[in-house]
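K.L.:
Hey, dropping structure.tsv in here, TSV, C-alpha atoms:
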chain	number	residue	atom	x	y	z
A	452	MET	CA	-77.42	-126.95	50.93
A	453	ALA	CA	-75.58	-124.50	53.15
A	454	ASP	CA	-75.36	-122.00	50.25
A	455	ASN	CA	-79.13	-122.33	49.64
A	456	ARG	CA	-79.87	-121.69	53.30
A	457	ARG	CA	-77.62	-118.60	53.27
A	458	ARG	CA	-79.32	-117.27	50.06
A	459	LYS	CA	-82.80	-117.81	51.57
A	460	LYS	CA	-81.71	-116.06	54.76
A	461	ARG	CA	-80.36	-113.08	52.75
A	462	LYS	CA	-83.65	-112.91	50.76
A	463	LYS	CA	-85.70	-112.91	53.97
A	464	LYS	CA	-83.58	-110.11	55.43
A	465	LYS	CA	-83.85	-108.14	52.16
A	466	SER	CA	-87.62	-108.66	52.01
A	467	LYS	CA	-87.97	-107.57	55.60
A	468	LYS	CA	-85.94	-104.41	54.89
A	469	VAL	CA	-88.11	-103.65	51.84
A	470	VAL	CA	-91.28	-104.05	53.90
A	471	ILE	CA	-89.88	-101.79	56.63
A	472	PHE	CA	-88.81	-99.23	54.00
A	473	ILE	CA	-92.26	-99.21	52.38
A	474	PHE	CA	-93.92	-98.85	55.79
A	475	GLU	CA	-91.63	-95.92	56.66
A	476	VAL	CA	-92.38	-94.21	53.34
A	477	LEU	CA	-96.13	-94.64	53.86
A	478	LEU	CA	-95.85	-93.38	57.44
A	479	LEU	CA	-93.88	-90.36	56.25
A	480	ALA	CA	-96.47	-89.67	53.55
A	481	ILE	CA	-99.29	-89.89	56.09
A	482	LEU	CA	-97.45	-87.55	58.46
A	483	LEU	CA	-96.77	-85.07	55.66
A	484	ILE	CA	-100.40	-85.11	54.55
A	485	ALA	CA	-101.54	-84.69	58.15
A	486	ALA	CA	-99.10	-81.81	58.66
A	487	TYR	CA	-100.34	-80.18	55.45
A	488	PHE	CA	-103.98	-80.31	56.52
A	489	ILE	CA	-103.17	-79.19	60.07
A	490	GLN	CA	-101.33	-76.22	58.56
A	491	MET	CA	-104.40	-75.46	56.42
A	492	VAL	CA	-106.73	-75.73	59.39
A	493	ASN	CA	-104.57	-73.35	61.39
A	494	ARG	CA	-104.82	-70.81	58.56
A	495	ILE	CA	-108.63	-70.97	58.27
A	496	ASP	CA	-110.67	-68.45	60.22
A	497	TYR	CA	-112.66	-71.24	61.88
A	498	GLN	CA	-115.52	-70.19	64.12
A	499	SER	CA	-117.31	-73.07	65.79
A	500	MET	CA	-121.06	-72.71	66.26
A	501	ASP	CA	-123.20	-75.08	68.31
A	502	GLU	CA	-126.93	-75.59	67.87
A	503	SER	CA	-127.80	-73.19	70.68
A	504	GLU	CA	-125.92	-70.42	68.85
A	505	ALA	CA	-127.59	-71.18	65.51
A	506	GLY	CA	-130.94	-69.75	66.61
A	507	ILE	CA	-133.01	-72.72	65.41
A	508	ASN	CA	-136.62	-72.15	66.38
A	509	ASP	CA	-137.55	-74.40	69.31
A	510	ASP	CA	-141.19	-74.60	68.20
A	511	LEU	CA	-140.66	-76.48	64.93
A	512	ASP	CA	-143.23	-79.26	64.70
A	513	ALA	CA	-142.34	-82.93	64.25
A	514	ASN	CA	-143.28	-82.91	60.56
A	515	THR	CA	-140.93	-79.99	59.85
A	516	LEU	CA	-138.07	-81.62	61.73
A	517	GLU	CA	-138.60	-84.82	59.77
A	518	SER	CA	-138.65	-83.01	56.41
A	519	LEU	CA	-135.35	-81.27	57.23
A	520	GLU	CA	-133.63	-84.62	57.77
A	521	GLY	CA	-131.58	-85.81	54.83
A	522	TYR	CA	-130.52	-82.31	53.83
A	523	THR	CA	-127.42	-80.30	54.64
A	524	ASN	CA	-128.25	-76.60	54.67
A	525	ILE	CA	-125.33	-74.18	54.50
A	526	ALA	CA	-125.46	-70.38	54.64
A	527	LEU	CA	-123.21	-68.52	52.19
A	528	PHE	CA	-122.32	-64.89	52.85
A	529	GLY	CA	-120.44	-62.56	50.53
A	530	LEU	CA	-119.17	-59.39	52.15
A	531	ASP	CA	-118.71	-55.95	50.62
A	532	ASN	CA	-116.15	-54.65	53.11
A	533	ARG	CA	-113.72	-52.99	50.67
A	534	SER	CA	-110.94	-54.76	52.58
A	535	LYS	CA	-109.46	-58.26	52.83
A	536	ASN	CA	-110.17	-60.85	55.53
A	537	ASN	CA	-112.43	-58.64	57.63
A	538	TYR	CA	-115.20	-61.03	58.68
A	539	ASP	CA	-116.25	-59.64	62.05
A	540	ARG	CA	-118.81	-57.19	60.67
A	541	GLY	CA	-120.05	-55.71	57.40
A	542	ASN	CA	-123.11	-55.78	55.20
A	543	SER	CA	-123.54	-59.14	53.48
A	544	ASP	CA	-124.32	-58.30	49.86
A	545	VAL	CA	-124.70	-62.03	49.20
A	546	VAL	CA	-127.06	-63.95	51.45
A	547	MET	CA	-127.56	-67.42	50.03
A	548	ILE	CA	-128.72	-70.82	51.23
A	549	ALA	CA	-127.27	-73.96	49.67
A	550	SER	CA	-129.51	-76.94	50.43
A	551	ILE	CA	-127.83	-80.25	49.61
A	552	ASN	CA	-129.84	-83.45	49.26
A	553	ASN	CA	-127.49	-85.89	50.98
A	554	LYS	CA	-128.69	-88.86	48.91
A	555	THR	CA	-128.82	-87.38	45.40
A	556	LYS	CA	-126.13	-84.68	45.90
A	557	GLU	CA	-128.49	-82.27	44.16
A	558	ILE	CA	-128.15	-78.67	45.32
A	559	LYS	CA	-130.88	-76.06	45.46
A	560	LEU	CA	-129.70	-72.46	45.82
A	561	VAL	CA	-131.85	-69.75	47.37
A	562	SER	CA	-130.79	-66.11	47.21
A	563	VAL	CA	-132.31	-64.17	50.09
A	564	TYR	CA	-132.56	-60.63	48.75
A	565	ARG	CA	-130.29	-58.51	50.91
A	566	ASP	CA	-132.86	-55.68	51.23
A	567	THR	CA	-135.62	-57.97	52.58
A	568	TYR	CA	-137.39	-56.63	55.66
A	569	LEU	CA	-137.03	-59.32	58.34
A	570	SER	CA	-136.33	-59.81	62.02
A	571	VAL	CA	-132.57	-59.33	62.31
A	572	GLY	CA	-132.23	-60.14	66.02
A	573	ASN	CA	-132.70	-58.51	69.41
A	574	GLY	CA	-136.22	-57.36	68.54
A	575	LYS	CA	-135.04	-55.29	65.57
A	576	TYR	CA	-136.64	-55.35	62.12
A	577	PHE	CA	-134.49	-54.12	59.26
A	578	LYS	CA	-132.99	-55.15	55.92
A	579	CYS	CA	-131.74	-58.70	56.42
A	580	ASN	CA	-128.11	-57.93	55.52
A	581	ASN	CA	-128.01	-55.80	58.67
A	582	ALA	CA	-127.87	-59.00	60.75
A	583	TYR	CA	-124.29	-59.64	59.65
A	584	ALA	CA	-123.35	-55.97	60.09
A	585	THR	CA	-124.68	-56.07	63.66
A	586	GLY	CA	-123.53	-59.45	64.91
A	587	GLY	CA	-121.40	-61.14	62.27
A	588	ALA	CA	-122.01	-64.56	60.72
A	589	LYS	CA	-123.66	-66.13	63.77
A	590	GLN	CA	-126.35	-63.47	63.96
A	591	ALA	CA	-126.86	-63.75	60.20
A	592	VAL	CA	-127.39	-67.52	60.54
A	593	GLN	CA	-129.79	-66.91	63.43
A	594	MET	CA	-131.69	-64.46	61.21
A	595	LEU	CA	-132.15	-67.09	58.48
A	596	ASN	CA	-133.19	-69.84	60.88
A	597	SER	CA	-135.66	-67.76	62.87
A	598	ASN	CA	-137.37	-66.17	59.84
A	599	LEU	CA	-137.44	-69.27	57.62
A	600	ASP	CA	-137.86	-72.16	60.10
A	601	LEU	CA	-134.55	-73.69	58.99
A	602	ASP	CA	-131.87	-75.71	60.79
A	603	ILE	CA	-128.69	-74.13	59.34
A	604	LYS	CA	-125.68	-74.93	61.51
A	605	GLU	CA	-122.88	-74.22	59.05
A	606	TYR	CA	-121.79	-71.15	57.12
A	607	VAL	CA	-119.05	-70.00	54.77
A	608	CYS	CA	-118.10	-66.34	54.36
A	609	VAL	CA	-116.07	-64.93	51.48
A	610	ASP	CA	-115.01	-61.47	50.41
A	611	TRP	CA	-114.03	-60.08	47.01
A	612	ALA	CA	-110.40	-61.18	47.38
A	613	ALA	CA	-111.38	-64.81	48.03
A	614	MET	CA	-113.69	-64.87	45.00
A	615	VAL	CA	-111.01	-63.41	42.74
A	616	GLU	CA	-108.38	-65.91	43.89
A	617	VAL	CA	-110.59	-68.98	43.46
A	618	ILE	CA	-111.81	-67.96	40.00
A	619	ASP	CA	-108.29	-67.14	38.83
A	620	ASP	CA	-107.01	-70.49	40.13
A	621	LEU	CA	-109.82	-72.20	38.21
A	622	GLY	CA	-108.57	-70.48	35.07
A	623	GLY	CA	-111.46	-67.99	34.82
A	624	LEU	CA	-115.09	-68.51	33.86
A	625	ASP	CA	-116.97	-68.50	30.56
A	626	ILE	CA	-120.09	-66.35	30.98
A	627	GLU	CA	-122.49	-64.88	28.47
A	628	ILE	CA	-122.74	-61.13	29.08
A	629	THR	CA	-124.74	-58.32	27.50
A	630	GLN	CA	-123.31	-55.07	26.20
A	631	GLY	CA	-124.68	-53.32	29.28
A	632	GLU	CA	-123.04	-55.84	31.59
A	633	MET	CA	-119.73	-55.39	29.75
A	634	SER	CA	-119.90	-51.63	30.37
A	635	GLN	CA	-120.72	-52.16	34.05
A	636	ILE	CA	-117.80	-54.57	34.50
A	637	ASN	CA	-115.39	-52.08	32.98
A	638	LYS	CA	-116.79	-49.23	35.09
A	639	TYR	CA	-116.68	-50.97	38.48
A	640	LYS	CA	-113.78	-53.44	38.27
A	641	LYS	CA	-111.58	-50.72	39.75
A	642	ASP	CA	-113.37	-51.18	43.10
A	643	VAL	CA	-112.29	-54.82	43.25
A	644	ASP	CA	-108.78	-53.95	42.05
A	645	LEU	CA	-108.41	-51.52	44.96
A	646	VAL	CA	-108.95	-54.45	47.36
A	647	THR	CA	-106.78	-57.02	45.56
A	648	GLY	CA	-104.05	-54.74	44.22
A	649	LYS	CA	-104.51	-56.07	40.69
A	650	THR	CA	-104.72	-54.08	37.47
A	651	THR	CA	-107.46	-55.73	35.45
A	652	PRO	CA	-107.89	-55.10	31.70
A	653	ASP	CA	-111.21	-54.06	30.20
A	654	VAL	CA	-113.61	-56.61	28.75
A	655	THR	CA	-113.62	-55.75	25.04
A	656	GLN	CA	-116.53	-57.81	23.74
A	657	TYR	CA	-119.89	-59.18	24.83
A	658	GLY	CA	-121.70	-62.44	24.21
A	659	MET	CA	-119.96	-65.58	25.51
A	660	VAL	CA	-116.69	-64.27	26.97
A	661	HIS	CA	-113.92	-65.54	29.22
A	662	LEU	CA	-113.75	-63.55	32.47
A	663	ASP	CA	-110.89	-63.52	34.95
A	664	GLY	CA	-111.45	-63.42	38.71
A	665	THR	CA	-111.85	-59.66	38.99
A	666	GLN	CA	-114.12	-59.39	35.96
A	667	ALA	CA	-116.37	-62.28	37.11
A	668	THR	CA	-116.58	-60.90	40.66
A	669	THR	CA	-117.51	-57.48	39.30
A	670	TYR	CA	-120.14	-59.12	37.05
A	671	ALA	CA	-121.70	-60.66	40.18
A	672	ARG	CA	-121.97	-57.19	41.74
A	673	ILE	CA	-123.90	-55.50	38.89
A	674	ARG	CA	-127.24	-54.05	40.01
A	675	LYS	CA	-127.62	-50.82	38.02
A	676	LEU	CA	-129.34	-52.45	35.06
A	677	ALA	CA	-132.88	-53.72	34.51
A	678	GLY	CA	-133.86	-56.16	37.25
A	679	ASP	CA	-131.97	-54.29	39.97
A	680	ASP	CA	-130.97	-56.42	42.95
A	681	PHE	CA	-133.20	-59.32	41.87
A	682	LYS	CA	-131.14	-59.80	38.73
A	683	ARG	CA	-127.91	-59.24	40.62
A	684	ALA	CA	-128.80	-62.25	42.78
A	685	SER	CA	-129.23	-64.21	39.53
A	686	ARG	CA	-125.72	-63.19	38.43
A	687	GLN	CA	-124.32	-64.33	41.76
A	688	ARG	CA	-125.87	-67.77	41.32
A	689	ILE	CA	-124.68	-67.98	37.69
A	690	VAL	CA	-121.09	-67.32	38.86
A	691	LEU	CA	-121.36	-69.82	41.72
A	692	GLU	CA	-122.64	-72.58	39.43
A	693	ALA	CA	-119.93	-71.81	36.84
A	694	MET	CA	-117.33	-72.15	39.60
A	695	LEU	CA	-118.76	-75.50	40.70
A	696	GLU	CA	-118.79	-76.87	37.15
A	697	LYS	CA	-115.18	-75.71	36.63
A	698	ALA	CA	-114.09	-77.27	39.95
A	699	LYS	CA	-115.67	-80.60	38.96
A	700	LYS	CA	-113.33	-80.74	35.94
A	701	ALA	CA	-110.20	-79.55	37.75
A	702	ASP	CA	-107.30	-81.86	38.54
A	703	ILE	CA	-106.01	-82.45	42.05
A	704	GLY	CA	-103.14	-79.97	41.56
A	705	THR	CA	-105.56	-77.17	40.69
A	706	LEU	CA	-107.83	-77.97	43.63
A	707	THR	CA	-104.82	-78.05	45.97
A	708	SER	CA	-103.70	-74.68	44.61
A	709	ILE	CA	-107.16	-73.27	45.23
A	710	CYS	CA	-107.10	-74.54	48.82
A	711	ASN	CA	-103.71	-72.92	49.39
A	712	SER	CA	-104.83	-69.64	47.84
A	713	VAL	CA	-108.18	-69.23	49.52
A	714	VAL	CA	-107.60	-70.83	52.92
A	715	ASP	CA	-106.47	-67.48	54.38
A	716	ASP	CA	-109.40	-65.62	52.86
A	717	ILE	CA	-112.50	-67.41	54.16
A	718	SER	CA	-114.30	-67.65	57.46
A	719	THR	CA	-116.37	-70.73	58.24
A	720	SER	CA	-118.00	-72.79	60.96
A	721	MET	CA	-117.21	-76.00	59.07
A	722	SER	CA	-114.56	-78.34	60.44
A	723	LEU	CA	-111.83	-79.83	58.27
A	724	SER	CA	-113.57	-83.22	58.23
A	725	GLN	CA	-116.81	-81.59	57.05
A	726	MET	CA	-115.01	-79.72	54.28
A	727	LEU	CA	-113.13	-82.82	53.18
A	728	SER	CA	-116.38	-84.81	53.16
A	729	LEU	CA	-117.95	-82.25	50.82
A	730	ALA	CA	-114.80	-81.92	48.69
A	731	LYS	CA	-114.42	-85.64	48.02
A	732	SER	CA	-117.89	-85.69	46.42
A	733	VAL	CA	-117.44	-82.52	44.36
A	734	THR	CA	-117.89	-84.35	41.04
A	735	LYS	CA	-121.27	-85.69	42.19
A	736	TYR	CA	-122.78	-82.33	43.06
A	737	LYS	CA	-125.14	-80.63	40.66
A	738	VAL	CA	-127.13	-77.42	40.98
A	739	ALA	CA	-130.61	-78.75	40.25
A	740	SER	CA	-132.61	-75.58	40.79
A	741	THR	CA	-132.38	-72.00	42.08
A	742	THR	CA	-134.73	-69.28	43.22
A	743	GLY	CA	-134.90	-66.00	45.10
A	744	PHE	CA	-136.57	-65.26	48.42
A	745	PRO	CA	-139.13	-63.89	49.04
A	746	LEU	CA	-140.99	-65.42	46.10
A	747	GLU	CA	-144.06	-63.22	46.70
A	748	LEU	CA	-142.89	-59.67	47.32
A	749	THR	CA	-143.24	-55.97	46.77
A	750	THR	CA	-141.08	-52.97	47.65
A	751	LYS	CA	-141.72	-49.98	49.88
A	752	HIS	CA	-139.75	-46.93	50.99
A	753	MET	CA	-139.16	-47.46	54.69
A	754	PRO	CA	-137.90	-44.81	57.15
A	755	SER	CA	-134.11	-44.95	57.66
A	756	MET	CA	-133.90	-47.85	55.19
A	757	GLY	CA	-134.99	-46.49	51.82
A	758	ASP	CA	-136.38	-48.88	49.24
A	759	THR	CA	-136.98	-52.20	50.98
A	760	VAL	CA	-138.16	-55.63	49.84
A	761	ILE	CA	-141.28	-56.67	51.75
A	762	PRO	CA	-142.49	-60.32	51.79
A	763	ALA	CA	-146.22	-60.62	51.10
A	764	ASP	CA	-146.50	-62.11	53.60
A	765	LEU	CA	-143.63	-63.90	55.36
A	766	ALA	CA	-145.63	-66.96	56.48
A	767	THR	CA	-146.84	-67.53	52.91
A	768	ASN	CA	-143.31	-67.25	51.56
A	769	VAL	CA	-141.86	-69.61	54.15
A	770	LYS	CA	-144.49	-72.22	53.26
A	771	GLU	CA	-143.48	-71.90	49.60
A	772	ILE	CA	-139.76	-72.18	50.32
A	773	HIS	CA	-140.22	-75.33	52.42
A	774	GLU	CA	-142.19	-76.95	49.62
A	775	TYR	CA	-139.52	-75.84	47.12
A	776	LEU	CA	-136.50	-77.02	49.12
A	777	PHE	CA	-137.80	-80.12	50.89
A	778	ASP	CA	-140.93	-81.12	48.91
A	779	ASP	CA	-142.83	-80.54	52.14
A	780	THR	CA	-146.46	-79.86	51.22
A	781	ASN	CA	-147.61	-80.36	54.81
A	782	TYR	CA	-145.38	-77.69	56.37
A	783	VAL	CA	-147.05	-75.39	58.89
A	784	PRO	CA	-145.12	-72.23	59.91
A	785	SER	CA	-143.99	-72.24	63.52
A	786	GLN	CA	-145.52	-69.78	65.94
A	787	THR	CA	-142.20	-67.90	65.81
A	788	VAL	CA	-142.51	-67.36	62.05
A	789	GLN	CA	-146.19	-66.46	62.32
A	790	THR	CA	-145.38	-63.85	64.96
A	791	ILE	CA	-142.60	-62.36	62.83
A	792	SER	CA	-144.92	-62.38	59.83
A	793	SER	CA	-147.65	-60.52	61.74
A	794	THR	CA	-145.12	-57.95	62.99
A	795	ILE	CA	-143.90	-57.29	59.43
A	796	VAL	CA	-147.51	-56.75	58.30
A	797	ASN	CA	-148.10	-54.35	61.21
A	798	ASN	CA	-144.88	-52.41	60.56
A	799	THR	CA	-145.23	-52.16	56.78
A	800	GLY	CA	-148.92	-52.49	55.99
A	801	ILE	CA	-148.03	-55.07	53.31
A	802	THR	CA	-150.27	-58.14	53.18
A	803	THR	CA	-150.92	-60.95	50.72
A	804	GLU	CA	-153.29	-58.54	48.92
A	805	ALA	CA	-150.41	-56.24	47.89
A	806	ALA	CA	-149.55	-55.65	44.23
A	807	LEU	CA	-146.62	-58.00	43.69
A	808	ILE	CA	-143.40	-57.54	41.72
A	809	ASN	CA	-142.78	-60.39	39.30
A	810	THR	CA	-139.28	-61.81	39.86
A	811	LYS	CA	-139.99	-65.25	38.36
A	812	ASP	CA	-138.00	-64.53	35.18
A	813	TYR	CA	-134.89	-64.13	37.35
A	814	ASN	CA	-135.32	-67.13	39.64
A	815	GLU	CA	-134.26	-70.26	37.77
A	816	THR	CA	-130.60	-69.88	36.83
A	817	ALA	CA	-129.63	-73.58	36.94
A	818	GLY	CA	-127.93	-74.32	33.63
A	819	ALA	CA	-127.94	-70.68	32.55
A	820	THR	CA	-124.65	-69.22	31.34
A	821	GLY	CA	-125.85	-65.63	31.48
A	822	THR	CA	-128.82	-63.43	32.32
A	823	ASP	CA	-130.05	-63.43	28.72
A	824	ASN	CA	-130.76	-67.17	28.77
A	825	ILE	CA	-132.34	-67.48	32.24
A	826	LYS	CA	-135.82	-67.68	30.72
A	827	LYS	CA	-134.72	-70.31	28.22
A	828	SER	CA	-133.29	-72.32	31.13
A	829	THR	CA	-136.63	-72.03	32.92
A	830	GLU	CA	-138.55	-73.30	29.92
A	831	GLU	CA	-136.20	-76.25	29.43
A	832	ASN	CA	-136.53	-77.27	33.07
If you took the structure in this file and wrote it as C-alpha cells, what would it be?
P.N.:
Amino acid sequence: MADNRRRKKRKKKKSKKVVIFIFEVLLLAILLIAAYFIQMVNRIDYQSMDESEAGINDDLDANTLESLEGYTNIALFGLDNRSKNNYDRGNSDVVMIASINNKTKEIKLVSVYRDTYLSVGNGKYFKCNNAYATGGAKQAVQMLNSNLDLDIKEYVCVDWAAMVEVIDDLGGLDIEITQGEMSQINKYKKDVDLVTGKTTPDVTQYGMVHLDGTQATTYARIRKLAGDDFKRASRQRIVLEAMLEKAKKADIGTLTSICNSVVDDISTSMSLSQMLSLAKSVTKYKVASTTGFPLELTTKHMPSMGDTVIPADLATNVKEIHEYLFDDTNYVPSQTVQTISSTIVNNTGITTEAALINTKDYNETAGATGTDNIKKSTEEN
C-alpha cells in the first residue's frame, strides 16, 4: 500500500511538471510570436490617419452612408520615385481603389487614371496623381474621398522595390504577353534594375510566359503601346490579381518570407491587427470585377499639364461608380461633388455632350491573364 501511495505521488509530481513544462513552452511561443510581430510593426512605415484627416465629405446623405456600410475601401498607391522607401512625396503612377465586400470577400478594383483632371486639394485642379506629389498619401486619400464621395480611411503605398520583392518571393507570375509587350519589358527593365540593384535577363518569348519580379513590374509600367495609360492600368490590375491568386496558394513559410521582405518597403495607415485580419482571410478573397475611372471620359491638352483625362462629367461618373461598387442605384452626388463637377466643366469646357473615348475594352480584367484576353474575360462575365 505504501509503495502504491509513493508511486501515485511520483506520478502526480511528474504530471504537474509536464503541465508546467507545456505551459512554459506555450508561453515562450506566444512571447516569441508577439516579439516577431512587434519587430515587424516597428519596421513598417506606419502613418495613422483619423477620419478628420481622410477628407470624407461631410455632406454625404443618409442613403450614401448606408450603402457604404459593409464595405472596406482601401486606397492603393504605386510610386514612380526612382528610389527605394521614399514615401513622403512623388507622383503616384498607380492610383487604385480596392473595395472589399465584407460578407462575400469579393473585391472590386477601380483604377483611377493618373492623368484625370480633378480637385487635388487646397483649391487646386490638376492631374490627380499630383495630390500625392503635393501632400503625400493623406492628401491623395482626401482627393479620392472628396471627388468620389467615398469613405476611404486606409491606404497602402508601394514602390518598384516592394513590388519586385513580393513577386520574387511568390516565385514569379505567369502572364500572357504580346510581342510588343515583350520588347517594352526588355527596353525598360533597366529602370527598375537601377532602383533594386538587380541584373535582370531579357524575356525571350511571348505568349504565356513566367516573369520574375522585375519583368512583371516593368510589364505593369508599359504605356507606349496601343491603349496608352488606359491599357497600362489594365496591366497593373492583371499583375495585382495574379499576385493575389499566387498568395492564396502559398504556404505559411512563403507568406512569412514575403512579410519579412516587404515590411521595410511599404507605407500604410493600416494597423497590425487590420493587416492580420485581412491576411487570415486571404484564401477567401476573389477579384470579382474591375474597371477604370472615369468611365465616361475624353482627353484635352491643358495648359501646364499636357494631355489630360477629363471626366464627362464628374457627377455622372461618380453616380456610375457608386452603382458599380455598391449596387447603389439611388445615389445622389453630394453638393461637394456637384460643385467640383461644375468647376471642371467651367475650367475645361467638357460636358456630357463631349465626344467620348471608348475604354470599355480595357476595363474588365478579372480573370484575364494578359491584355489580349481582356475582351474574352468581359464576354465570359
K.L.:
Would you work out the distance separating CA of Cys579 (chain A) from CA of Gln593 (chain A), expressed in Å to one decimal?
P.N.:
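About the pair CA of Cys579 (chain A) and CA of Gln593 (chain A): they are 11.0 Å apart.
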K.L.:
Show me, as a list in words, the residues that have an atom within 9 Å of region 793-799 of chain A when counting all atoms listed in the file, minus same-chain residues fewer than 5 positions from it.
P.N.:
Tyr568, Leu569, Ser570, Tyr576, Lys751, Met753, Ile761, Pro762, Ala763, Asp764, Leu765, Ala766 and Val788 of chain A
K.L.:
Would you save the residues from that selection as a compact mmCIF listing (two decimals), keeping the file's coordinate frame, using C-alpha atoms?
P.N.:
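File produced: result.txt:
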# COMPACT_ATOMS: atom_id res chain seq x y z
CA TYR A 568 -137.39 -56.63 55.66
CA LEU A 569 -137.03 -59.32 58.34
CA SER A 570 -136.33 -59.81 62.02
CA TYR A 576 -136.64 -55.35 62.12
CA LYS A 751 -141.72 -49.98 49.88
CA MET A 753 -139.16 -47.46 54.69
CA ILE A 761 -141.28 -56.67 51.75
CA PRO A 762 -142.49 -60.32 51.79
CA ALA A 763 -146.22 -60.62 51.10
CA ASP A 764 -146.50 -62.11 53.60
CA LEU A 765 -143.63 -63.90 55.36
CA ALA A 766 -145.63 -66.96 56.48
CA VAL A 788 -142.51 -67.36 62.05
K.L.:
Tell me which of A:Asp544, A:Asp566, A:Lys638, A:Ala677 sits closest to Trp611 (chain A), counting all atoms listed in the file.
P.N.:
A:Asp544
K.L.:
Need to verify the contact set: Ser503 (chain A), 12 Å, only C-alpha atoms, exclusion of same-chain residues closer than 2 positions in sequence. Can you return it as a list in words?
P.N.:
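With the cut-off at 12 Å, the set is Ser499, Met500, Asp501, Ala505, Gly506, Ile507, Asn508, Asp509, Lys589, Gln590, Val592, Gln593, Asn596, Asp602, Ile603 and Lys604 of chain A.
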K.L.:
Considering all atoms listed in the file, state which residue in the set A:Pro745, A:Gly574, A:Gly704, A:Gly631 is at the smallest distance from His773 (chain A).
P.N.:
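Among the listed residues, A:Pro745 lies closest to His773 (chain A).
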K.L.:
Report, in Å with one decimal, the straight-line distance from CA of Leu530 (chain A) to CA of Glu774 (chain A).
P.N.:
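CA of Leu530 (chain A) sits 29.1 Å away from CA of Glu774 (chain A).
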K.L.:
With distances taken over only C-alpha atoms, which residue among A:Glu557, A:Asp702, A:Glu804, A:Asp600 lies nearest Gly622 (chain A)?
P.N.:
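Counting only C-alpha atoms, the residue closest to Gly622 (chain A) is A:Asp702.
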K.L.:
For the atom pair CA of Arg565 (chain A) and CA of Asn781 (chain A), what is the interatomic distance in Å to one decimal place?
P.N.:
28.2 Å
K.L.:
From the list A:Leu706, A:Ile551, A:Ala513, A:Leu599, which residue is nearest Asp619 (chain A) when using only C-alpha atoms?
P.N.:
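The shortest atom-to-atom distance to Asp619 (chain A) comes from A:Leu706.
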K.L.:
From the options A:Val571, A:Lys699, A:Gly818, A:Phe577, which residue's atoms come nearest to Ser732 (chain A), counting only C-alpha atoms?
P.N.:
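Among the listed residues, the smallest separation from Ser732 (chain A) belongs to A:Lys699.
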K.L.:
Residues at most 12 Å from Thr734 (chain A), counting only C-alpha atoms, excluding those fewer than 3 positions away in the same chain, as a list in words?
P.N.:
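Answer for this query is Lys556, Glu557, Leu695, Glu696, Lys697, Ala698, Lys699, Lys700, Ala701, Asp702, Leu729, Ala730, Lys731, Lys737 and Val738 of chain A.
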